[in-house]
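Novice: Provided herewith: coords-v4.cif, mmCIF, C-alpha atoms and all ligand atoms.
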data_start
#
loop_
_atom_site.label_atom_id
_atom_site.label_comp_id
_atom_site.auth_asym_id
_atom_site.auth_seq_id
_atom_site.Cartn_x
_atom_site.Cartn_y
_atom_site.Cartn_z
CA MET J 836 118.09 112.09 75.62
CA GLY J 837 115.22 113.27 77.76
CA LEU J 838 112.73 110.88 79.20
CA PHE J 839 109.89 112.24 77.18
CA SER J 840 111.56 113.30 74.00
CA ARG J 841 109.96 111.87 70.91
CA LYS J 842 113.05 111.31 68.85
CA SER J 843 111.42 108.84 66.55
CA ASP J 844 108.71 106.28 66.54
CA SER J 845 111.08 103.60 67.73
CA PRO J 846 109.49 101.72 70.59
CA GLN J 847 111.88 102.86 73.31
CA ASP J 848 109.21 104.96 74.88
CA SER J 849 106.57 104.99 72.27
CA PHE J 850 104.26 102.57 70.67
CA SER J 851 103.83 101.82 67.04
CA ALA J 852 100.70 99.86 67.74
CA PRO J 853 97.62 102.06 67.59
CA LEU J 854 96.06 102.87 70.89
CA PRO J 855 92.43 103.45 70.02
CA GLU J 856 91.34 103.21 73.61
CA THR J 857 93.72 105.93 74.74
CA ARG J 858 94.07 108.18 71.73
CA ALA J 859 91.84 111.20 71.95
CA PRO J 860 89.00 110.53 69.54
CA SER J 861 86.94 113.70 69.69
CA LYS J 862 87.05 115.82 72.80
CA PRO J 863 90.63 116.97 73.26
CA LEU J 864 91.68 118.94 76.31
CA VAL J 865 92.97 122.40 75.59
CA GLY J 866 95.34 124.04 78.03
CA ASP J 867 97.75 126.96 77.95
CA LEU J 868 101.08 125.16 78.38
CA PRO J 869 103.80 124.63 75.78
CA CYS J 870 103.45 121.17 74.26
CA SER J 871 106.22 118.73 75.23
CA ALA J 872 106.23 116.97 71.85
CA LYS J 873 109.53 117.48 70.11
CA GLY J 874 109.26 120.19 67.49
CA CYS J 875 105.67 121.11 68.41
CA GLN J 876 105.15 124.86 68.76
CA ASN J 877 101.63 124.71 70.19
CA SER J 878 100.89 126.49 73.46
CA THR J 879 97.63 124.65 73.94
CA GLY J 880 99.06 121.87 76.10
CA ALA J 881 97.19 120.32 78.99
CA ALA J 882 99.33 118.87 81.79
CA CYS J 883 99.80 115.11 82.03
CA SER J 884 97.53 114.07 84.91
CA TYR J 885 99.80 111.32 86.15
CA VAL J 886 100.67 111.36 89.86
CA ASP J 887 102.85 108.59 91.18
CA ARG J 888 102.87 106.83 94.54
CA ARG J 889 105.24 109.45 95.97
CA ASN J 890 102.81 112.17 94.94
CA ARG J 891 105.08 113.38 92.16
CA HIS J 892 103.40 114.86 89.10
CA CYS J 893 104.50 114.26 85.55
CA LYS J 894 105.86 117.56 84.30
CA THR J 895 104.91 117.19 80.66
CA ALA J 896 102.06 118.92 78.82
CA TRP J 897 100.44 117.93 75.53
CA CYS J 898 98.48 119.82 72.93
CA PRO J 899 95.30 118.24 71.47
CA GLU J 900 97.35 116.80 68.62
CA HIS J 901 99.82 114.98 70.87
CA GLN J 902 97.89 114.11 74.01
CA PHE J 903 96.41 110.77 75.03
CA LEU J 904 93.14 110.59 76.90
CA VAL J 905 92.21 107.92 79.41
CA ASN J 906 88.89 108.35 81.17
CA GLY J 907 88.77 111.92 79.93
CA GLN J 908 92.12 112.83 81.48
CA CYS J 909 95.17 113.99 79.55
CA TYR J 910 98.35 111.92 79.71
CA CYS J 911 101.68 111.60 77.99
CA ARG J 912 102.07 108.40 76.01
CA ARG J 913 103.92 106.44 78.67
CA HIS J 914 101.52 107.37 81.42
CA ALA J 915 98.48 106.72 79.25
CA ASN J 916 99.85 103.21 78.85
CA THR J 917 100.64 102.92 82.54
CA VAL J 918 97.20 104.07 83.63
CA ASP J 919 95.56 101.86 81.07
CA ALA J 920 97.65 98.89 82.18
CA VAL J 921 97.15 99.49 85.88
CA GLY J 922 93.59 100.76 85.75
CA ASN J 923 92.12 101.24 89.17
CA GLN J 924 92.98 97.76 90.30
CA GLU J 925 96.49 98.51 91.45
CA HIS J 926 95.49 99.36 95.00
CA THR J 927 94.67 95.74 95.57
CA THR J 928 97.12 93.95 93.30
CA TYR J 929 100.08 96.28 93.49
CA GLY J 930 99.66 97.06 97.16
CA PHE J 931 100.36 100.75 96.81
CA ALA J 932 99.49 103.66 94.59
CA MET J 933 100.60 104.37 91.04
CA PRO J 934 104.06 103.27 89.83
CA ASP J 935 106.94 105.73 89.95
CA LEU J 936 107.00 108.42 87.26
CA ALA J 937 109.97 106.88 85.49
CA ASN J 938 108.73 103.29 85.74
CA ARG J 939 108.55 101.97 82.19
CA SER J 940 107.70 98.38 83.07
CA PRO J 941 103.88 98.39 82.81
CA SER J 942 104.03 100.44 79.65
CA LEU J 943 106.62 98.10 78.07
CA VAL J 944 104.66 94.97 78.89
CA ARG J 945 101.44 96.45 77.61
CA TRP J 946 102.97 97.48 74.34
CA VAL J 947 104.76 94.17 73.69
CA ALA J 948 101.66 92.21 74.72
CA ASN J 949 99.60 94.11 72.16
CA ASP J 950 102.27 93.63 69.55
CA ILE J 951 102.54 89.85 69.90
CA SER J 952 99.03 88.91 70.97
CA ASP J 953 97.98 87.65 67.52
CA ARG J 954 101.04 85.43 67.31
CA VAL J 955 100.56 84.04 70.81
CA GLU J 956 96.93 83.34 70.05
CA LYS J 957 97.88 81.55 66.85
CA LEU J 958 100.48 79.51 68.72
CA LEU J 959 98.07 78.53 71.49
CA GLU J 960 95.47 77.56 68.93
CA ARG J 961 97.73 74.63 67.99
CA TYR J 962 97.62 73.37 71.58
CA ARG J 963 93.97 74.03 72.20
CA THR J 964 91.84 70.96 72.71
CA PRO J 965 88.12 70.85 71.96
CA GLY J 966 86.09 72.59 74.62
CA GLU J 967 88.93 74.77 75.81
CA GLN J 968 88.50 78.49 76.02
CA TYR J 969 91.08 81.10 75.30
CA HIS J 970 91.61 83.98 77.69
CA ARG J 971 93.89 86.99 77.61
CA GLU J 972 94.44 88.92 80.79
CA ARG J 973 95.40 92.55 80.75
CA VAL J 974 98.65 93.80 82.22
CA HIS J 975 98.77 93.53 85.97
CA ALA J 976 101.28 93.62 88.80
CA VAL J 977 102.35 90.53 90.68
CA ARG J 978 104.37 90.59 93.86
CA GLY J 979 106.87 87.73 93.89
CA VAL J 980 107.89 85.64 96.88
CA ASP J 981 111.03 87.78 97.17
CA GLY J 982 108.85 90.88 97.55
CA GLY J 983 109.79 92.19 94.12
CA VAL J 984 107.12 93.35 91.73
CA ARG J 985 106.78 92.17 88.15
CA TRP J 986 104.36 93.35 85.50
CA GLU J 987 102.87 90.66 83.38
CA ALA J 988 100.36 89.92 80.65
CA THR J 989 98.99 86.40 80.31
CA TRP J 990 97.28 84.17 77.80
CA GLN J 991 95.57 81.00 78.95
CA LEU J 992 93.74 77.98 77.72
CA PHE J 993 91.27 76.69 80.23
CA ASP J 994 88.36 74.32 80.49
CA HIS J 995 85.84 73.63 83.24
CA THR J 996 88.58 72.24 85.48
CA GLY J 997 90.67 75.39 85.25
CA SER J 998 93.73 76.67 83.48
CA ARG J 999 95.72 74.08 81.53
CA VAL J 1000 98.12 76.19 79.51
CA ARG J 1001 99.42 79.52 80.74
CA VAL J 1002 101.83 81.71 78.81
CA SER J 1003 102.97 85.09 80.08
CA ILE J 1004 105.41 87.85 79.35
CA GLU J 1005 106.80 90.02 82.10
CA VAL J 1006 109.14 92.77 83.17
CA ARG J 1007 110.52 92.77 86.68
CA GLU J 1008 110.96 96.14 88.29
CA ALA J 1009 114.37 95.05 89.57
CA THR J 1010 115.50 94.46 85.96
CA PRO J 1011 113.33 96.91 84.00
CA THR J 1012 115.06 96.46 80.65
CA THR J 1013 114.69 92.67 80.50
CA LEU J 1014 111.65 91.08 78.97
CA SER J 1015 110.90 87.50 79.97
CA ALA J 1016 108.43 84.87 78.89
CA ARG J 1017 107.03 82.08 81.02
CA VAL J 1018 105.19 78.89 80.36
CA GLY J 1019 103.39 78.12 83.59
CA GLN J 1020 105.82 79.22 86.29
CA LEU J 1021 108.92 78.42 84.27
CA VAL J 1022 110.89 81.25 82.68
CA VAL J 1023 111.68 80.05 79.14
CA TYR J 1024 113.08 83.24 77.67
CA SER J 1025 114.76 86.32 79.10
CA GLU J 1026 116.48 89.00 77.04
CA VAL J 1027 116.94 92.75 76.74
CA PRO J 1028 115.00 93.75 73.60
CA PRO J 1029 117.09 95.18 70.75
CA TRP J 1030 115.41 98.60 70.82
CA ILE J 1031 116.32 98.99 74.49
CA LEU J 1032 119.92 97.97 73.79
CA HIS J 1033 120.01 100.65 71.11
CA ARG J 1034 118.62 103.19 73.52
CA GLU J 1035 121.22 102.28 76.13
CA HIS J 1036 124.00 102.70 73.59
CA ALA J 1037 122.44 105.88 72.22
CA GLU J 1038 122.31 104.31 68.76
CA ASP J 1039 120.01 105.54 66.05
CA VAL J 1040 118.37 102.80 64.06
CA ASP J 1041 116.42 103.22 60.87
CA PRO J 1042 112.76 102.16 61.01
CA ASP J 1043 113.22 99.11 58.77
CA THR J 1044 116.00 97.72 60.94
CA ASP J 1045 113.95 98.47 64.02
CA VAL J 1046 110.97 96.52 62.70
CA ARG J 1047 113.15 93.62 61.54
CA GLU J 1048 115.00 93.35 64.85
CA ARG J 1049 111.80 93.57 66.82
CA ASP J 1050 110.28 90.85 64.70
CA MET J 1051 113.28 88.59 65.26
CA PHE J 1052 113.13 89.21 68.98
CA TYR J 1053 109.47 88.20 69.09
CA GLU J 1054 110.12 85.14 66.94
CA MET J 1055 112.86 83.95 69.32
CA MET J 1056 110.59 84.46 72.28
CA LEU J 1057 107.70 82.61 70.65
CA LYS J 1058 110.01 79.81 69.55
CA ALA J 1059 111.16 79.33 73.16
CA ILE J 1060 107.53 79.21 74.31
CA ASP J 1061 106.59 76.81 71.53
CA GLU J 1062 109.52 74.48 72.25
CA HIS J 1063 108.59 74.27 75.87
CA LEU J 1064 104.94 73.59 75.10
CA THR J 1065 106.01 70.86 72.68
CA ASP J 1066 108.52 69.18 74.98
CA SER J 1067 106.62 69.25 78.22
CA ASP J 1068 104.25 66.53 79.31
CA GLU J 1069 103.40 68.43 82.44
CA PRO J 1070 100.46 70.75 82.70
CA TYR J 1071 101.71 74.25 82.11
ZN ZN L 1 101.87 119.25 70.41
ZN ZN L 2 103.16 111.76 81.96
#
Could you express the structure from this file as structure tokens?
Specialist:
Amino acid sequence: MGLFSRKSDSPQDSFSAPLPETRAPSKPLVGDLPCSAKGCQNSTGAACSYVDRRNRHCKTAWCPEHQFLVNGQCYCRRHANTVDAVGNQEHTTYGFAMPDLANRSPSLVRWVANDISDRVEKLLERYRTPGEQYHRERVHAVRGVDGGVRWEATWQLFDHTGSRVRVSIEVREATPTTLSARVGQLVVYSEVPPWILHREHAEDVDPDTDVRERDMFYEMMLKAIDEHLTDSDEPY
């Protein structure tokens, strides 16, 4: 299946969570290109504005009904997520310009982070001591000691002395289908999500199964985080 096909609303390359900050609220961009959305007959598509670090342009176009706007620019869904995740900070944190066209990692982390944030917050609430603040950090790139880049989203509890508990989820560019969770620096969970396994095996899954499997995947991940927080006497 094509990179940008919209076969279903399964999360392989799309996002069931609403994206109010990227969805065009009022002023859509009207172009004269055929819309890339599957089954859409509109010829009012504006080109996706995404340009990657190799100066390659995304070749999709989206009509007002199917486009996503970030800072007034039209994007496909993946690149809206990528741009929103990376923002304009990537020149300093990532070390080079926008991720490759086909790079799903920032988009995947952003989507999962949004999906599980309430549960992580609820979990951390149990470990929060009086006076501690809760902080969620948006998706950002981190270059590891091996030179590899990972995309991560973090949740922290901190007080005036600094961060005490740090939980993160991440996708490494070297293993872009694996989602991992860390407590502090320690990786406590690392699996390929079920919807990605289905995509790799070209399996169609009904929406109910998709939701159930996704939920189980998140529960396993949160359980691993919780168990580590419970067992460890060390600062995280
Ligand atoms: Zn369309
Ligand atoms: Zn695009």
Novice: Can I get the residues close to ligand ZN 2 (chain L) as a ChimeraX atom specification, where close means within 7 Å and we count all atoms listed in the file?
Specialist: /J:883-885,893-895,910-914
Novice: Give me, as CSV, the closest atom pair and its distance (Å, one decimal) for every residue of chain J within a cut-off of 10 Å of ligand ZN 1 (chain L), counting all atoms listed in the file, rows sorted by chain and rising number.
Specialist:
residue,atom,partner,partner_atom,distance
J:Leu868,CA,L:ZN1,ZN,10.0
J:Pro869,CA,L:ZN1,ZN,7.8
J:Cys870,CA,L:ZN1,ZN,4.6
J:Ser871,CA,L:ZN1,ZN,6.5
J:Ala872,CA,L:ZN1,ZN,5.1
J:Lys873,CA,L:ZN1,ZN,7.9
J:Gly874,CA,L:ZN1,ZN,8.0
J:Cys875,CA,L:ZN1,ZN,4.7
J:Gln876,CA,L:ZN1,ZN,6.7
J:Asn877,CA,L:ZN1,ZN,5.5
J:Ser878,CA,L:ZN1,ZN,7.9
J:Thr879,CA,L:ZN1,ZN,7.7
J:Gly880,CA,L:ZN1,ZN,6.9
J:Ala881,CA,L:ZN1,ZN,9.8
J:Ala896,CA,L:ZN1,ZN,8.4
J:Trp897,CA,L:ZN1,ZN,5.5
J:Cys898,CA,L:ZN1,ZN,4.3
J:Pro899,CA,L:ZN1,ZN,6.7
J:Glu900,CA,L:ZN1,ZN,5.4
J:His901,CA,L:ZN1,ZN,4.8
J:Gln902,CA,L:ZN1,ZN,7.4
Novice: Name the closest residue to Lys957 (chain J) among the candidates J:His1033, J:Leu1057, J:His892, J:Pro1011; distances are taken between atoms, counting all atoms listed in the file.
Specialist: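 Of J:His1033, J:Leu1057, J:His892, J:Pro1011, the one nearest Lys957 (chain J) is J:Leu1057, counting all atoms listed in the file.
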Novice: When you count all atoms listed in the file, which of these residues is closest to Leu1032 (chain J): J:Thr1044, J:Thr1012, J:Gln908, J:Gln1020?
Specialist: J:Thr1012
Novice: Could you check the closest approach to Gly966 (chain J) for each of J:Arg945, J:Lys862, J:His995, J:Arg1001 and tell me which residue wins, using all atoms listed in the file?
Specialist: J:His995
Novice: Quick one: of J:Arg973, J:His1063, J:Arg1007, J:Arg978, who's nearest to Ala948 (chain J), counting only C-alpha atoms?
Specialist: J:Arg973
Novice: Give me, as a list in words, all polymer residues having an atom no more than 6 Å from Pro941 (chain J), counting all atoms listed in the file and skipping those fewer than 2 positions away in the same chain.
Specialist: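 The residues satisfying every condition are Thr917, Arg939, Leu943, Val944 and Trp986 of chain J.
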Novice: Mind giving me the straight-line distance from CA of Leu992 (chain J) to CA of Ala1016 (chain J) in Å, one decimal?
Specialist: 16.3 Å
Novice: Under the rule that all atoms listed in the file are counted, which of J:Val977, J:Met933, J:Leu1014, J:Val1000 is the nearest residue to Tyr962 (chain J)?
Specialist: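 Counting all atoms listed in the file, the residue closest to Tyr962 (chain J) is J:Val1000.
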Novice: To one decimal place, how far is CA of Gly866 (chain J) from CA of Ala882 (chain J) in Å?
Specialist: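 Going from CA of Gly866 (chain J) over to CA of Ala882 (chain J), I get 7.5 Å.
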Novice: I need the residue nearest Val921 (chain J) from this list: J:Ala976, J:Glu987, J:Tyr969, J:Leu958. Use all atoms listed in the file for the distance.
Specialist: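 Of J:Ala976, J:Glu987, J:Tyr969, J:Leu958, the one nearest Val921 (chain J) is J:Ala976, counting all atoms listed in the file.
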Novice: For region 953-988 of chain J, which lacks atoms in the input, supply N, CA and C atoms and format the output as a PDB file, keeping the file's coordinate frame.
Specialist:
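The resulting out27.pdb:
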ATOM      1  N   ASP J 953      98.474  88.482  68.629  1.00  0.00           N
ATOM      2  CA  ASP J 953      97.980  87.650  67.520  1.00  0.00           C
ATOM      3  C   ASP J 953      98.821  86.396  67.367  1.00  0.00           C
ATOM      4  N   ARG J 954     100.138  86.577  67.490  1.00  0.00           N
ATOM      5  CA  ARG J 954     101.040  85.430  67.310  1.00  0.00           C
ATOM      6  C   ARG J 954     100.896  84.431  68.457  1.00  0.00           C
ATOM      7  N   VAL J 955     100.730  84.940  69.666  1.00  0.00           N
ATOM      8  CA  VAL J 955     100.560  84.040  70.810  1.00  0.00           C
ATOM      9  C   VAL J 955      99.258  83.262  70.655  1.00  0.00           C
ATOM     10  N   GLU J 956      98.235  83.972  70.224  1.00  0.00           N
ATOM     11  CA  GLU J 956      96.930  83.340  70.050  1.00  0.00           C
ATOM     12  C   GLU J 956      96.999  82.233  68.995  1.00  0.00           C
ATOM     13  N   LYS J 957      97.714  82.527  67.915  1.00  0.00           N
ATOM     14  CA  LYS J 957      97.880  81.550  66.850  1.00  0.00           C
ATOM     15  C   LYS J 957      98.647  80.318  67.347  1.00  0.00           C
ATOM     16  N   LEU J 958      99.675  80.586  68.148  1.00  0.00           N
ATOM     17  CA  LEU J 958     100.480  79.510  68.720  1.00  0.00           C
ATOM     18  C   LEU J 958      99.619  78.634  69.648  1.00  0.00           C
ATOM     19  N   LEU J 959      98.876  79.283  70.525  1.00  0.00           N
ATOM     20  CA  LEU J 959      98.070  78.530  71.490  1.00  0.00           C
ATOM     21  C   LEU J 959      96.964  77.738  70.795  1.00  0.00           C
ATOM     22  N   GLU J 960      96.523  78.252  69.670  1.00  0.00           N
ATOM     23  CA  GLU J 960      95.470  77.560  68.930  1.00  0.00           C
ATOM     24  C   GLU J 960      95.902  76.134  68.573  1.00  0.00           C
ATOM     25  N   ARG J 961      97.203  75.962  68.343  1.00  0.00           N
ATOM     26  CA  ARG J 961      97.730  74.630  67.990  1.00  0.00           C
ATOM     27  C   ARG J 961      97.665  73.668  69.173  1.00  0.00           C
ATOM     28  N   TYR J 962      97.629  74.224  70.385  1.00  0.00           N
ATOM     29  CA  TYR J 962      97.620  73.370  71.580  1.00  0.00           C
ATOM     30  C   TYR J 962      96.229  73.266  72.198  1.00  0.00           C
ATOM     31  N   ARG J 963      95.306  73.993  71.623  1.00  0.00           N
ATOM     32  CA  ARG J 963      93.970  74.030  72.200  1.00  0.00           C
ATOM     33  C   ARG J 963      93.241  72.727  71.896  1.00  0.00           C
ATOM     34  N   THR J 964      92.636  72.167  72.915  1.00  0.00           N
ATOM     35  CA  THR J 964      91.840  70.960  72.710  1.00  0.00           C
ATOM     36  C   THR J 964      90.366  71.360  72.672  1.00  0.00           C
ATOM     37  N   PRO J 965      89.542  70.494  72.076  1.00  0.00           N
ATOM     38  CA  PRO J 965      88.120  70.850  71.960  1.00  0.00           C
ATOM     39  C   PRO J 965      87.514  71.187  73.322  1.00  0.00           C
ATOM     40  N   GLY J 966      86.734  72.214  73.354  1.00  0.00           N
ATOM     41  CA  GLY J 966      86.090  72.590  74.620  1.00  0.00           C
ATOM     42  C   GLY J 966      86.880  73.595  75.431  1.00  0.00           C
ATOM     43  N   GLU J 967      88.136  73.809  75.039  1.00  0.00           N
ATOM     44  CA  GLU J 967      88.930  74.770  75.810  1.00  0.00           C
ATOM     45  C   GLU J 967      88.695  76.194  75.338  1.00  0.00           C
ATOM     46  N   GLN J 968      88.702  77.078  76.296  1.00  0.00           N
ATOM     47  CA  GLN J 968      88.500  78.490  76.020  1.00  0.00           C
ATOM     48  C   GLN J 968      89.850  79.212  76.070  1.00  0.00           C
ATOM     49  N   TYR J 969      89.887  80.290  75.354  1.00  0.00           N
ATOM     50  CA  TYR J 969      91.080  81.100  75.300  1.00  0.00           C
ATOM     51  C   TYR J 969      90.838  82.380  76.104  1.00  0.00           C
ATOM     52  N   HIS J 970      91.807  82.774  76.887  1.00  0.00           N
ATOM     53  CA  HIS J 970      91.610  83.980  77.690  1.00  0.00           C
ATOM     54  C   HIS J 970      92.887  84.807  77.758  1.00  0.00           C
ATOM     55  N   ARG J 971      92.752  86.086  77.467  1.00  0.00           N
ATOM     56  CA  ARG J 971      93.890  86.990  77.610  1.00  0.00           C
ATOM     57  C   ARG J 971      93.622  87.923  78.773  1.00  0.00           C
ATOM     58  N   GLU J 972      94.604  88.043  79.629  1.00  0.00           N
ATOM     59  CA  GLU J 972      94.440  88.920  80.790  1.00  0.00           C
ATOM     60  C   GLU J 972      95.268  90.177  80.605  1.00  0.00           C
ATOM     61  N   ARG J 973      94.692  91.304  80.932  1.00  0.00           N
ATOM     62  CA  ARG J 973      95.400  92.550  80.750  1.00  0.00           C
ATOM     63  C   ARG J 973      96.605  92.652  81.689  1.00  0.00           C
ATOM     64  N   VAL J 974      97.428  93.636  81.433  1.00  0.00           N
ATOM     65  CA  VAL J 974      98.650  93.800  82.220  1.00  0.00           C
ATOM     66  C   VAL J 974      98.322  94.042  83.696  1.00  0.00           C
ATOM     67  N   HIS J 975      99.010  93.348  84.541  1.00  0.00           N
ATOM     68  CA  HIS J 975      98.770  93.530  85.970  1.00  0.00           C
ATOM     69  C   HIS J 975     100.081  93.301  86.740  1.00  0.00           C
ATOM     70  N   ALA J 976     100.094  93.770  87.965  1.00  0.00           N
ATOM     71  CA  ALA J 976     101.280  93.620  88.800  1.00  0.00           C
ATOM     72  C   ALA J 976     101.172  92.374  89.657  1.00  0.00           C
ATOM     73  N   VAL J 977     102.297  91.704  89.825  1.00  0.00           N
ATOM     74  CA  VAL J 977     102.350  90.530  90.680  1.00  0.00           C
ATOM     75  C   VAL J 977     103.514  90.719  91.637  1.00  0.00           C
ATOM     76  N   ARG J 978     103.269  90.493  92.915  1.00  0.00           N
ATOM     77  CA  ARG J 978     104.370  90.590  93.860  1.00  0.00           C
ATOM     78  C   ARG J 978     104.947  89.189  94.067  1.00  0.00           C
ATOM     79  N   GLY J 979     106.231  89.042  93.792  1.00  0.00           N
ATOM     80  CA  GLY J 979     106.870  87.730  93.890  1.00  0.00           C
ATOM     81  C   GLY J 979     107.152  87.343  95.328  1.00  0.00           C
ATOM     82  N   VAL J 980     107.592  86.107  95.519  1.00  0.00           N
ATOM     83  CA  VAL J 980     107.890  85.640  96.880  1.00  0.00           C
ATOM     84  C   VAL J 980     109.029  86.423  97.508  1.00  0.00           C
ATOM     85  N   ASP J 981     109.907  86.983  96.658  1.00  0.00           N
ATOM     86  CA  ASP J 981     111.030  87.780  97.170  1.00  0.00           C
ATOM     87  C   ASP J 981     110.608  89.223  97.472  1.00  0.00           C
ATOM     88  N   GLY J 982     109.330  89.523  97.274  1.00  0.00           N
ATOM     89  CA  GLY J 982     108.850  90.880  97.550  1.00  0.00           C
ATOM     90  C   GLY J 982     108.932  91.801  96.353  1.00  0.00           C
ATOM     91  N   GLY J 983     109.659  91.369  95.327  1.00  0.00           N
ATOM     92  CA  GLY J 983     109.790  92.190  94.120  1.00  0.00           C
ATOM     93  C   GLY J 983     108.519  92.163  93.290  1.00  0.00           C
ATOM     94  N   VAL J 984     108.321  93.250  92.555  1.00  0.00           N
ATOM     95  CA  VAL J 984     107.120  93.350  91.730  1.00  0.00           C
ATOM     96  C   VAL J 984     107.467  93.091  90.263  1.00  0.00           C
ATOM     97  N   ARG J 985     106.640  92.331  89.591  1.00  0.00           N
ATOM     98  CA  ARG J 985     106.780  92.170  88.150  1.00  0.00           C
ATOM     99  C   ARG J 985     105.444  92.531  87.501  1.00  0.00           C
ATOM    100  N   TRP J 986     105.550  93.020  86.273  1.00  0.00           N
ATOM    101  CA  TRP J 986     104.360  93.350  85.500  1.00  0.00           C
ATOM    102  C   TRP J 986     104.197  92.294  84.439  1.00  0.00           C
ATOM    103  N   GLU J 987     103.022  91.740  84.331  1.00  0.00           N
ATOM    104  CA  GLU J 987     102.870  90.660  83.380  1.00  0.00           C
ATOM    105  C   GLU J 987     101.551  90.737  82.623  1.00  0.00           C
ATOM    106  N   ALA J 988     101.565  90.109  81.451  1.00  0.00           N
ATOM    107  CA  ALA J 988     100.360  89.920  80.650  1.00  0.00           C
ATOM    108  C   ALA J 988     100.287  88.424  80.382  1.00  0.00           C
TER     109      ALA J 988
END
